[in-house]
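Working notes, beginning with the structure itself.
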Amino acid sequence: MALELVKLYDSEGVFIEDVDINAGTFTTIVDQGSGNKGIKAKSLDDAGNLSAFSTEKRYYAGCTNTPLCDLLDDTGDSASDDLTNDNTPRIQLEITLPIPTGCSQVAASSIKRLELHHKIGSAGSYSKIADLTSLTPVGNDSFSAIHQFISELTDEDHYFKAKWVDAQDGESQFGTELHIVVDTSAPNTPTITLDDGSVFVGDSVTISGTATD
Amino acid sequence: MAVQRVELRKVIGTTPNLFFDPVISTDISLPLGSYSFLMNMSQTGEFKYYTVSYDEAGNISIISSVVTVKVEKKK
């Protein structure tokens, strides 16, 4: 006895389509619209016997989430002002995807790669600088990757944005732009003035000056 | 980039040393790039001070000149 075809159904058991079997496997493209979806199958042999349902596969279609960029090497007093004196900084990309209903986590295979794009100055134009495929799971629904600059960035404004590419080579929209400033130049030497260099115990002195960058 | 803070440091050795010299005070107000430190001198002796500035990206300036305060007992 041989299998004749596979019958595909949605989560509710509504028939979708028949798919021919080729050398024991089948492939087809199913469009059930966007959102939380499921698909399951029955096989039909050439005698007309129909199997029970397969295990249901759950997935989320049409996700519009976009990745975020973050400057890891933010230096100075504030760790979140996107100013850095590190001219070979690390840029982290992170994408959060919806967990399909009935699943405990997002499969890592959902993401083929994260793309990092870069431009110099607000008037520059973006170009892709990295395809990041080494992804680190963050919790059950997020993945991150880090781009480490090897060549030194110039002291000026730099902009980054990212997209993610799914397992079927579908590309997301770009995420929110990250604007960083690279500044490796030291401030000017402060001037210093002492109002009185010889005083008695209990007196006060004032040290003042100017400090510019 | 703007200066984020100015530190007033006290020389504890023979020459300024950013690793060991303690920060006496920090000024982050810096109106128009000016700073000011008021110190009450409570001990006799000769004390040396200098300042150093940091910008918002964390870059540090060269240290300023050193100023010396001589403090004597009232007669």
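Letters for chains follow the order of the structure tokens (A, B, ...), residue numbers begin at 1 for each chain, and ligand numbers begin at 1 in the order shown.
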
>> Using only C-alpha atoms and a distance of at most 10 Å, pull out the residues of chain A that contact chain B, as a ChimeraX atom specification.
In response: /A:74-79,81-86,181-213

> Do you know which residues are at most 12 Å from A:His117 counting only C-alpha atoms, after dropping those on the same chain fewer than 2 positions away, and could you put them as number ranges by chain?
Replying inline: A: 67-69, 91, 93, 114-115, 119-120, 124-132, 147, 158-164, 174-178

Write the residues you've just listed into a file as a PDB file, in the first residue's frame, and include N, CA and C atoms for each of them.
```pdb
ATOM      1  N   PRO A  67      13.637  44.869  14.927  1.00  0.00           N
ATOM      2  CA  PRO A  67      14.714  44.810  15.913  1.00  0.00           C
ATOM      3  C   PRO A  67      15.157  46.196  16.391  1.00  0.00           C
ATOM      4  N   LEU A  68      15.699  46.209  17.580  1.00  0.00           N
ATOM      5  CA  LEU A  68      16.229  47.442  18.159  1.00  0.00           C
ATOM      6  C   LEU A  68      17.749  47.355  18.237  1.00  0.00           C
ATOM      7  N   CYS A  69      18.383  48.506  18.077  1.00  0.00           N
ATOM      8  CA  CYS A  69      19.842  48.598  18.205  1.00  0.00           C
ATOM      9  C   CYS A  69      20.168  49.281  19.531  1.00  0.00           C
ATOM     10  N   ILE A  91      27.635  47.163  18.936  1.00  0.00           N
ATOM     11  CA  ILE A  91      26.230  47.477  18.742  1.00  0.00           C
ATOM     12  C   ILE A  91      25.439  46.178  18.896  1.00  0.00           C
ATOM     13  N   LEU A  93      21.926  44.097  18.665  1.00  0.00           N
ATOM     14  CA  LEU A  93      20.612  44.043  18.023  1.00  0.00           C
ATOM     15  C   LEU A  93      19.766  43.048  18.799  1.00  0.00           C
ATOM     16  N   LEU A 114      19.979  38.732  11.415  1.00  0.00           N
ATOM     17  CA  LEU A 114      19.705  40.136  11.709  1.00  0.00           C
ATOM     18  C   LEU A 114      20.664  40.965  10.858  1.00  0.00           C
ATOM     19  N   GLU A 115      20.133  41.998  10.230  1.00  0.00           N
ATOM     20  CA  GLU A 115      20.963  42.858   9.376  1.00  0.00           C
ATOM     21  C   GLU A 115      21.177  44.202  10.056  1.00  0.00           C
ATOM     22  N   LYS A 119      25.000  54.514   8.829  1.00  0.00           N
ATOM     23  CA  LYS A 119      25.345  55.694   8.037  1.00  0.00           C
ATOM     24  C   LYS A 119      26.102  56.672   8.916  1.00  0.00           C
ATOM     25  N   ILE A 120      26.900  57.483   8.265  1.00  0.00           N
ATOM     26  CA  ILE A 120      27.720  58.465   8.979  1.00  0.00           C
ATOM     27  C   ILE A 120      27.127  59.843   8.750  1.00  0.00           C
ATOM     28  N   GLY A 124      24.199  61.345   5.561  1.00  0.00           N
ATOM     29  CA  GLY A 124      24.768  60.183   4.877  1.00  0.00           C
ATOM     30  C   GLY A 124      23.696  59.228   4.383  1.00  0.00           C
ATOM     31  N   SER A 125      24.133  58.171   3.752  1.00  0.00           N
ATOM     32  CA  SER A 125      23.171  57.166   3.294  1.00  0.00           C
ATOM     33  C   SER A 125      23.522  55.823   3.934  1.00  0.00           C
ATOM     34  N   TYR A 126      22.494  55.060   4.190  1.00  0.00           N
ATOM     35  CA  TYR A 126      22.678  53.786   4.882  1.00  0.00           C
ATOM     36  C   TYR A 126      23.280  52.722   3.970  1.00  0.00           C
ATOM     37  N   SER A 127      24.116  51.905   4.563  1.00  0.00           N
ATOM     38  CA  SER A 127      24.601  50.715   3.867  1.00  0.00           C
ATOM     39  C   SER A 127      24.673  49.581   4.877  1.00  0.00           C
ATOM     40  N   LYS A 128      24.448  48.392   4.395  1.00  0.00           N
ATOM     41  CA  LYS A 128      24.491  47.228   5.288  1.00  0.00           C
ATOM     42  C   LYS A 128      25.939  46.936   5.654  1.00  0.00           C
ATOM     43  N   ILE A 129      26.187  46.743   6.946  1.00  0.00           N
ATOM     44  CA  ILE A 129      27.555  46.465   7.376  1.00  0.00           C
ATOM     45  C   ILE A 129      27.699  45.088   8.000  1.00  0.00           C
ATOM     46  N   ALA A 130      26.586  44.443   8.317  1.00  0.00           N
ATOM     47  CA  ALA A 130      26.734  43.120   8.954  1.00  0.00           C
ATOM     48  C   ALA A 130      25.474  42.280   8.792  1.00  0.00           C
ATOM     49  N   ASP A 131      25.703  40.998   8.536  1.00  0.00           N
ATOM     50  CA  ASP A 131      24.668  39.970   8.631  1.00  0.00           C
ATOM     51  C   ASP A 131      25.000  39.153   9.867  1.00  0.00           C
ATOM     52  N   LEU A 132      24.162  39.233  10.855  1.00  0.00           N
ATOM     53  CA  LEU A 132      24.450  38.550  12.113  1.00  0.00           C
ATOM     54  C   LEU A 132      23.601  37.281  12.203  1.00  0.00           C
ATOM     55  N   HIS A 147      27.373  43.214  17.125  1.00  0.00           N
ATOM     56  CA  HIS A 147      28.371  43.554  16.099  1.00  0.00           C
ATOM     57  C   HIS A 147      29.499  44.335  16.769  1.00  0.00           C
ATOM     58  N   HIS A 158      26.892  58.925  14.278  1.00  0.00           N
ATOM     59  CA  HIS A 158      26.700  57.665  13.547  1.00  0.00           C
ATOM     60  C   HIS A 158      25.284  57.163  13.809  1.00  0.00           C
ATOM     61  N   TYR A 159      24.700  56.615  12.762  1.00  0.00           N
ATOM     62  CA  TYR A 159      23.313  56.141  12.857  1.00  0.00           C
ATOM     63  C   TYR A 159      23.262  54.656  12.482  1.00  0.00           C
ATOM     64  N   PHE A 160      22.383  53.946  13.181  1.00  0.00           N
ATOM     65  CA  PHE A 160      22.223  52.515  12.920  1.00  0.00           C
ATOM     66  C   PHE A 160      20.736  52.170  12.891  1.00  0.00           C
ATOM     67  N   LYS A 161      20.413  51.193  12.069  1.00  0.00           N
ATOM     68  CA  LYS A 161      19.084  50.611  12.098  1.00  0.00           C
ATOM     69  C   LYS A 161      19.216  49.157  11.645  1.00  0.00           C
ATOM     70  N   ALA A 162      18.209  48.365  12.001  1.00  0.00           N
ATOM     71  CA  ALA A 162      18.323  46.926  11.740  1.00  0.00           C
ATOM     72  C   ALA A 162      16.993  46.356  11.280  1.00  0.00           C
ATOM     73  N   LYS A 163      17.096  45.254  10.579  1.00  0.00           N
ATOM     74  CA  LYS A 163      15.925  44.473  10.203  1.00  0.00           C
ATOM     75  C   LYS A 163      16.241  43.008  10.477  1.00  0.00           C
ATOM     76  N   TRP A 164      15.199  42.190  10.502  1.00  0.00           N
ATOM     77  CA  TRP A 164      15.430  40.758  10.651  1.00  0.00           C
ATOM     78  C   TRP A 164      14.868  40.035   9.438  1.00  0.00           C
ATOM     79  N   PHE A 174      12.589  48.197   8.875  1.00  0.00           N
ATOM     80  CA  PHE A 174      13.663  48.616   9.770  1.00  0.00           C
ATOM     81  C   PHE A 174      13.090  49.021  11.123  1.00  0.00           C
ATOM     82  N   GLY A 175      13.856  48.749  12.162  1.00  0.00           N
ATOM     83  CA  GLY A 175      13.470  49.175  13.498  1.00  0.00           C
ATOM     84  C   GLY A 175      13.869  50.619  13.746  1.00  0.00           C
ATOM     85  N   THR A 176      13.629  51.063  14.950  1.00  0.00           N
ATOM     86  CA  THR A 176      13.933  52.441  15.334  1.00  0.00           C
ATOM     87  C   THR A 176      15.420  52.741  15.156  1.00  0.00           C
ATOM     88  N   GLU A 177      15.682  53.920  14.656  1.00  0.00           N
ATOM     89  CA  GLU A 177      17.066  54.337  14.399  1.00  0.00           C
ATOM     90  C   GLU A 177      17.799  54.621  15.720  1.00  0.00           C
ATOM     91  N   LEU A 178      19.043  54.185  15.779  1.00  0.00           N
ATOM     92  CA  LEU A 178      19.912  54.501  16.918  1.00  0.00           C
ATOM     93  C   LEU A 178      20.920  55.548  16.470  1.00  0.00           C
TER      94      LEU A 178
END
```

>> Could you check the closest approach to A:Ala167 for each of A:Ala107, A:Ala2, A:Val30, A:Leu44 and tell me which residue wins, using only C-alpha atoms?
In response: A:Ala107

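Residues within 9 Å of A:Ile16, counting only C-alpha atoms and excluding same-chain residues fewer than 5 positions away, are Lys7, Leu8, Tyr9, Asp10, Val30 and Gln32 of chain A.
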
> Expressed in Å to a single decimal, how great is the separation between atom CA of A:Asp31 and atom CA of A:Arg58?
Replying inline: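 Computed distance, atom CA of A:Asp31 to atom CA of A:Arg58, equals 13.6 Å.
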
> Can you list, as a ChimeraX atom specification, every residue of chain A that DSSP puts in strand (DSSP E or B)?
Replying inline: /A:3-10,15-20,22,25,35-45,50,57-61,68-71,83-84,90-96,111-120,127-132,136-138,142-148,157-166,171,178-182,193-194,198-200,204-210

Generate a file of the selected residues that holds C-alpha atoms, formatted as an mmCIF file, in the first residue's frame.
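Ended up saving to out-v8.cif:
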```
data_model
loop_
_atom_site.group_PDB
_atom_site.id
_atom_site.type_symbol
_atom_site.label_atom_id
_atom_site.label_comp_id
_atom_site.auth_asym_id
_atom_site.auth_seq_id
_atom_site.Cartn_x
_atom_site.Cartn_y
_atom_site.Cartn_z
ATOM 1 C CA LEU A 3 0.419 6.937 0.411
ATOM 2 C CA GLU A 4 -1.430 8.970 -2.137
ATOM 3 C CA LEU A 5 -1.535 12.450 -0.662
ATOM 4 C CA VAL A 6 -1.553 14.531 2.496
ATOM 5 C CA LYS A 7 -4.576 16.550 3.553
ATOM 6 C CA LEU A 8 -3.860 19.756 5.461
ATOM 7 C CA TYR A 9 -6.234 21.284 8.036
ATOM 8 C CA ASP A 10 -6.226 24.380 10.208
ATOM 9 C CA PHE A 15 -9.690 21.401 5.418
ATOM 10 C CA ILE A 16 -7.144 23.614 3.604
ATOM 11 C CA GLU A 17 -5.736 21.657 0.681
ATOM 12 C CA ASP A 18 -4.403 18.351 -0.627
ATOM 13 C CA VAL A 19 -0.674 18.019 -1.184
ATOM 14 C CA ASP A 20 1.010 15.409 -3.326
ATOM 15 C CA ASN A 22 7.035 12.994 -3.521
ATOM 16 C CA THR A 25 7.837 13.966 1.691
ATOM 17 C CA GLY A 35 -1.658 36.069 13.581
ATOM 18 C CA ASN A 36 -1.562 32.901 15.652
ATOM 19 C CA LYS A 37 -2.096 29.928 13.410
ATOM 20 C CA GLY A 38 -1.876 26.157 13.480
ATOM 21 C CA ILE A 39 -1.715 23.432 10.910
ATOM 22 C CA LYS A 40 -2.097 19.671 11.048
ATOM 23 C CA ALA A 41 -2.370 16.875 8.533
ATOM 24 C CA LYS A 42 -3.839 13.522 7.693
ATOM 25 C CA SER A 43 -2.410 11.122 5.150
ATOM 26 C CA LEU A 44 -4.467 9.203 2.632
ATOM 27 C CA ASP A 45 -3.344 5.905 1.137
ATOM 28 C CA LEU A 50 -7.342 8.223 6.109
ATOM 29 C CA LYS A 57 2.291 22.739 14.377
ATOM 30 C CA ARG A 58 1.730 26.206 15.821
ATOM 31 C CA TYR A 59 3.180 29.357 14.293
ATOM 32 C CA TYR A 60 2.727 33.096 14.156
ATOM 33 C CA ALA A 61 2.372 34.586 10.694
ATOM 34 C CA LEU A 68 16.229 47.442 18.159
ATOM 35 C CA CYS A 69 19.842 48.598 18.205
ATOM 36 C CA ASP A 70 21.687 49.475 21.390
ATOM 37 C CA LEU A 71 25.136 50.905 22.041
ATOM 38 C CA LEU A 83 27.790 59.046 23.726
ATOM 39 C CA THR A 84 30.985 57.061 23.651
ATOM 40 C CA ARG A 90 29.737 47.112 20.095
ATOM 41 C CA ILE A 91 26.230 47.477 18.742
ATOM 42 C CA GLN A 92 23.678 45.004 20.033
ATOM 43 C CA LEU A 93 20.612 44.043 18.023
ATOM 44 C CA GLU A 94 17.614 42.471 19.685
ATOM 45 C CA ILE A 95 14.353 41.222 18.274
ATOM 46 C CA THR A 96 11.315 40.103 20.228
ATOM 47 C CA ILE A 111 15.193 33.993 12.386
ATOM 48 C CA LYS A 112 17.692 33.485 9.602
ATOM 49 C CA ARG A 113 19.698 36.613 10.353
ATOM 50 C CA LEU A 114 19.705 40.136 11.709
ATOM 51 C CA GLU A 115 20.963 42.858 9.376
ATOM 52 C CA LEU A 116 22.747 45.927 10.686
ATOM 53 C CA HIS A 117 22.830 49.080 8.567
ATOM 54 C CA HIS A 118 24.975 52.137 9.244
ATOM 55 C CA LYS A 119 25.345 55.694 8.037
ATOM 56 C CA ILE A 120 27.720 58.465 8.979
ATOM 57 C CA SER A 127 24.601 50.715 3.867
ATOM 58 C CA LYS A 128 24.491 47.228 5.288
ATOM 59 C CA ILE A 129 27.555 46.465 7.376
ATOM 60 C CA ALA A 130 26.734 43.120 8.954
ATOM 61 C CA ASP A 131 24.668 39.970 8.631
ATOM 62 C CA LEU A 132 24.450 38.550 12.113
ATOM 63 C CA THR A 136 21.668 34.440 21.594
ATOM 64 C CA PRO A 137 18.277 33.576 23.094
ATOM 65 C CA VAL A 138 16.980 36.131 25.597
ATOM 66 C CA SER A 142 13.805 37.346 22.130
ATOM 67 C CA PHE A 143 17.132 36.937 20.391
ATOM 68 C CA SER A 144 20.155 39.182 20.361
ATOM 69 C CA ALA A 145 23.366 39.492 18.418
ATOM 70 C CA ILE A 146 26.356 41.792 18.763
ATOM 71 C CA HIS A 147 28.371 43.554 16.099
ATOM 72 C CA GLN A 148 31.881 44.522 17.181
ATOM 73 C CA ASP A 157 27.459 61.236 14.544
ATOM 74 C CA HIS A 158 26.700 57.665 13.547
ATOM 75 C CA TYR A 159 23.313 56.141 12.857
ATOM 76 C CA PHE A 160 22.223 52.515 12.920
ATOM 77 C CA LYS A 161 19.084 50.611 12.098
ATOM 78 C CA ALA A 162 18.323 46.926 11.740
ATOM 79 C CA LYS A 163 15.925 44.473 10.203
ATOM 80 C CA TRP A 164 15.430 40.758 10.651
ATOM 81 C CA VAL A 165 15.098 38.111 7.994
ATOM 82 C CA ASP A 166 12.877 35.109 8.607
ATOM 83 C CA GLU A 171 12.478 40.838 5.509
ATOM 84 C CA LEU A 178 19.912 54.501 16.918
ATOM 85 C CA HIS A 179 21.928 57.707 16.908
ATOM 86 C CA ILE A 180 25.276 57.643 18.666
ATOM 87 C CA VAL A 181 28.087 60.153 18.941
ATOM 88 C CA VAL A 182 31.688 59.005 18.950
ATOM 89 C CA THR A 193 42.917 80.448 39.752
ATOM 90 C CA LEU A 194 43.443 80.651 43.499
ATOM 91 C CA SER A 198 48.348 82.348 52.034
ATOM 92 C CA VAL A 199 45.666 82.169 54.695
ATOM 93 C CA PHE A 200 45.115 81.454 58.374
ATOM 94 C CA SER A 204 38.366 79.973 53.241
ATOM 95 C CA VAL A 205 39.899 79.983 49.807
ATOM 96 C CA THR A 206 38.249 79.802 46.438
ATOM 97 C CA ILE A 207 39.677 77.838 43.564
ATOM 98 C CA SER A 208 37.996 78.667 40.264
ATOM 99 C CA GLY A 209 38.577 78.521 36.563
ATOM 100 C CA THR A 210 37.115 77.512 33.251
#
```

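Here atom CA of A:Gly33 and atom CA of A:Phe53 stand 21.9 Å from one another.
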